[in-house]
Amino acid sequence: MGKKKNALTPTTFSLLHATDFADRLLYNIVPPLKAGMIVLAERYAYTAFARDVARGVDRRWVRDLYSFAVRPDLALYFRVPIDVSLDRLMARRVKLKFYEAGLDMGWSQNAQESFRIFQGKVLDEYDRLVEEFGLSVVDASLAITDQQQMVRNLVSRQLERPTLVETAVNQ
Amino acid sequence: MNPIPEEFQGANGTIQPGRYYGHGLPYLPIEHYPGKIIAIEGTDGVGRSTQIQLLREWLEVQGYGVVETGWTRSALMQPTIELAKSSNTLNKLTFVLLYATDFADRLEKEIIPALKAGFVVLADRYIFSALARAGVRGVDRAWLRSLYGFAIAPHLVFYLKIDVDTLIRRVLSARGMDFWESGMDLKGGDDIYDSFRAYQSKLLREYSSMSDEFGFRVLDARRPVDLIQEDLRRHVQAFLSSSDISVDV
Ligand SMILES: Nc1ncnc2c1ncn2[C@@H]1O[C@H](COP(=O)(O)OP(=O)(O)OP(=O)(O)O)[C@@H](O)[C@H]1O
Ligand SMILES: [Mg+2]
């Protein structure tokens, strides 16, 4: 990734992820929806809205870009403070990835410092998204079992609303 | 006619060359860059490269710095696009997005730096070929314009206009019909000649429909090479001599 010629810009980064998403939408998301199944998606367009805008692309542009996506019936946002997510990553001794830490932005040469700056912007964007798209927030600093209980409650409530299941089937 | 997003320059009929069409790249301000973009558009095999080569030589002799950019030539995307074409697993949406990625990469790494440095950028196809191909494939036009809102409106757009019969003869005598240029992915039948004719006819209509929206300068491409080139040079000469661009002497 160090090779400058192939380095991604905020816009090509965004477009490549949208391409990948379009492919997954067509092959992995739409067919099961048509079959009346439940699709669990880890990350969705909202990731792009937060992450790409943190990199400097236009907010409106990236929302328009993803307008081909199916609107989820339920969108969960697991919110944690940066310190918690950084601690969790460090505990697993993972090396922070170049783009994940926002090192491409050149805000800091230090991966942890860069992660902190970049993720700070990402979290700010997520807060906007919660309002704009009505994301259901799960406090991800709680114990795993407590979070799971919340998730199950939210999902159950959603599934009890037959009209919404119908919509998914008809997309 | 076309549903065009409001924030898109073409929506209100006034296009400002050298500015972003739409939202643009907020992290790359481009105001007052001295370079110019001249785009040569037209369908497959119409004669764009022939004209660009002649135009380039002529501009260089006069002392202009010239940079050429062409479709799917980005370092980032060329291998991916070639692969996608050969494997046939991509749908129209992913194709559109790959082309847009290629364009974005060239815009940021070639076109914008060249504009900043005062070059004349000769674009062999610009965003219009992408819009035409996607439009023919039924991709939403408003969405496409918003997608390409990061593109810069060229200072001049020449459209090499041709009729399908002349095109067919030109392509057959030059190199033959190719799978993609015949729209064989649209599965209109196995006959490549019929498919080429039907697909290219649609494509030509699609280009024509953009002519007013984007202010194409239309050149009759049925004529001999040197006559087209004469026209081209006359337009370019008039534009450059009235502009502030500098020449190495
Ligand atoms: N005005 C013209 N009259 C007749 N033949 C022409 C004319 N212009 C170009 N040709 C011939 O048509 C062929 C295609 O020309 P050229 O490669 O310039 O087209 P192109 O638009 O760049 O094609 P492609 O879409 O493949 O990039 C060449 O053999 C060229 O010599
Ligand atoms: Mg060519």
# chains A, B, ... in the order shown; residues from 1 in each chain; ligands from 1
call {"tool": "select_by_dssp", "arguments": {"residues": "region 12-245 of chain B", "states": "strand (DSSP E or B)", "output": "ChimeraX atom specification"}}
result
/B:20,36-41,66-70,120-124,152,156-161,217-220
call {"tool": "residues_around", "arguments": {"residues": "region 134-150 of chain A", "least_positions_apart": "4", "cutoff": "7 Å", "atoms": "only C-alpha atoms", "output": "PDB file with N, CA, C and O atoms, in the first residue's frame"}}
result
ATOM      1  N   ALA A  75     -31.477  -0.858  11.784  1.00  0.00           N
ATOM      2  CA  ALA A  75     -30.038  -0.593  11.723  1.00  0.00           C
ATOM      3  C   ALA A  75     -29.530  -0.356  13.138  1.00  0.00           C
ATOM      4  O   ALA A  75     -30.013   0.529  13.841  1.00  0.00           O
ATOM      5  N   LEU A  76     -28.602  -1.191  13.546  1.00  0.00           N
ATOM      6  CA  LEU A  76     -28.060  -1.092  14.904  1.00  0.00           C
ATOM      7  C   LEU A  76     -26.697  -0.409  14.864  1.00  0.00           C
ATOM      8  O   LEU A  76     -25.869  -0.736  14.021  1.00  0.00           O
ATOM      9  N   TYR A  77     -26.490   0.499  15.785  1.00  0.00           N
ATOM     10  CA  TYR A  77     -25.189   1.150  15.880  1.00  0.00           C
ATOM     11  C   TYR A  77     -24.597   0.857  17.254  1.00  0.00           C
ATOM     12  O   TYR A  77     -25.169   1.243  18.271  1.00  0.00           O
ATOM     13  N   PHE A  78     -23.493   0.148  17.264  1.00  0.00           N
ATOM     14  CA  PHE A  78     -22.811  -0.176  18.521  1.00  0.00           C
ATOM     15  C   PHE A  78     -21.849   0.956  18.852  1.00  0.00           C
ATOM     16  O   PHE A  78     -20.815   1.100  18.216  1.00  0.00           O
ATOM     17  N   ARG A  79     -22.261   1.742  19.847  1.00  0.00           N
ATOM     18  CA  ARG A  79     -21.467   2.927  20.159  1.00  0.00           C
ATOM     19  C   ARG A  79     -20.501   2.687  21.320  1.00  0.00           C
ATOM     20  O   ARG A  79     -20.907   2.197  22.364  1.00  0.00           O
ATOM     21  N   VAL A  80     -19.239   3.012  21.100  1.00  0.00           N
ATOM     22  CA  VAL A  80     -18.245   3.006  22.185  1.00  0.00           C
ATOM     23  C   VAL A  80     -17.353   4.226  22.069  1.00  0.00           C
ATOM     24  O   VAL A  80     -17.103   4.716  20.975  1.00  0.00           O
ATOM     25  N   LEU A 129     -25.635  10.403  11.951  1.00  0.00           N
ATOM     26  CA  LEU A 129     -26.415   9.376  11.264  1.00  0.00           C
ATOM     27  C   LEU A 129     -27.534   8.832  12.143  1.00  0.00           C
ATOM     28  O   LEU A 129     -28.603   8.480  11.652  1.00  0.00           O
ATOM     29  N   VAL A 130     -27.262   8.732  13.432  1.00  0.00           N
ATOM     30  CA  VAL A 130     -28.271   8.232  14.365  1.00  0.00           C
ATOM     31  C   VAL A 130     -29.543   9.056  14.210  1.00  0.00           C
ATOM     32  O   VAL A 130     -30.639   8.514  14.097  1.00  0.00           O
ATOM     33  N   LEU A 154     -34.652  -5.561  20.376  1.00  0.00           N
ATOM     34  CA  LEU A 154     -34.889  -4.696  19.203  1.00  0.00           C
ATOM     35  C   LEU A 154     -35.331  -5.522  17.999  1.00  0.00           C
ATOM     36  O   LEU A 154     -36.259  -5.154  17.282  1.00  0.00           O
TER      37      LEU A 154
END
call {"tool": "atom_distance", "arguments": {"atom1": "CA of Asp105 (chain B)", "atom2": "CA of Trp71 (chain B)"}}
result
11.0 Å
call {"tool": "interface_residues", "arguments": {"of": "chain B", "to": "chain A", "cutoff": "6 Å", "atoms": "only C-alpha atoms", "output": "mmCIF file with C-alpha atoms, in the first residue's frame"}}
result
data_model
loop_
_atom_site.group_PDB
_atom_site.id
_atom_site.type_symbol
_atom_site.label_atom_id
_atom_site.label_comp_id
_atom_site.auth_asym_id
_atom_site.auth_seq_id
_atom_site.Cartn_x
_atom_site.Cartn_y
_atom_site.Cartn_z
ATOM 1 C CA TYR B 27 -10.670 18.457 0.024
ATOM 2 C CA LEU B 76 -5.211 1.913 -10.012
ATOM 3 C CA THR B 94 -20.502 -2.376 -10.578
ATOM 4 C CA LEU B 97 -18.732 2.301 -10.374
ATOM 5 C CA THR B 101 -13.256 4.972 -9.812
ATOM 6 C CA LEU B 147 -22.086 10.265 -9.081
#
call {"tool": "atom_distance", "arguments": {"atom1": "CA of Asn28 (chain A)", "atom2": "CA of Gly189 (chain B)"}}
result
28.6 Å
call {"tool": "atom_distance", "arguments": {"atom1": "CA of Val225 (chain B)", "atom2": "atom 13 (C, counted along the ligand's line) of ligand 1"}}
result
10.1 Å
call {"tool": "residues_around", "arguments": {"residues": "Asp191 (chain B)", "least_positions_apart": "6", "cutoff": "12 Å", "atoms": "only C-alpha atoms", "output": "number ranges by chain"}}
result
B: 177-179, 182-184, 197-199
call {"tool": "residues_near_ligand", "arguments": {"ligand": "ligand 1", "cutoff": "10 Å", "atoms": "only C-alpha atoms and all ligand atoms", "output": "MDAnalysis selection string"}}
result
chainID B and resid 40:53 70:71 124:125 160 162 166:167 169:178 181 220:229
call {"tool": "residues_around", "arguments": {"residues": "Ala111 (chain A)", "least_positions_apart": "6", "cutoff": "12 Å", "atoms": "only C-alpha atoms", "output": "ChimeraX atom specification"}}
result
/A:86,90,94-105,117-119
call {"tool": "residues_around", "arguments": {"residues": "Glu60 (chain B)", "least_positions_apart": "2", "cutoff": "12 Å", "atoms": "only C-alpha atoms", "output": "PyMOL selection string"}}
result
chain B and resi 52-58+62-67+119-122+247-249
call {"tool": "closest_residue", "arguments": {"among": "B:Gln16, B:Glu31, B:Tyr21, B:Glu68", "to": "ligand 2", "atoms": "only C-alpha atoms and all ligand atoms"}}
result
B:Glu68
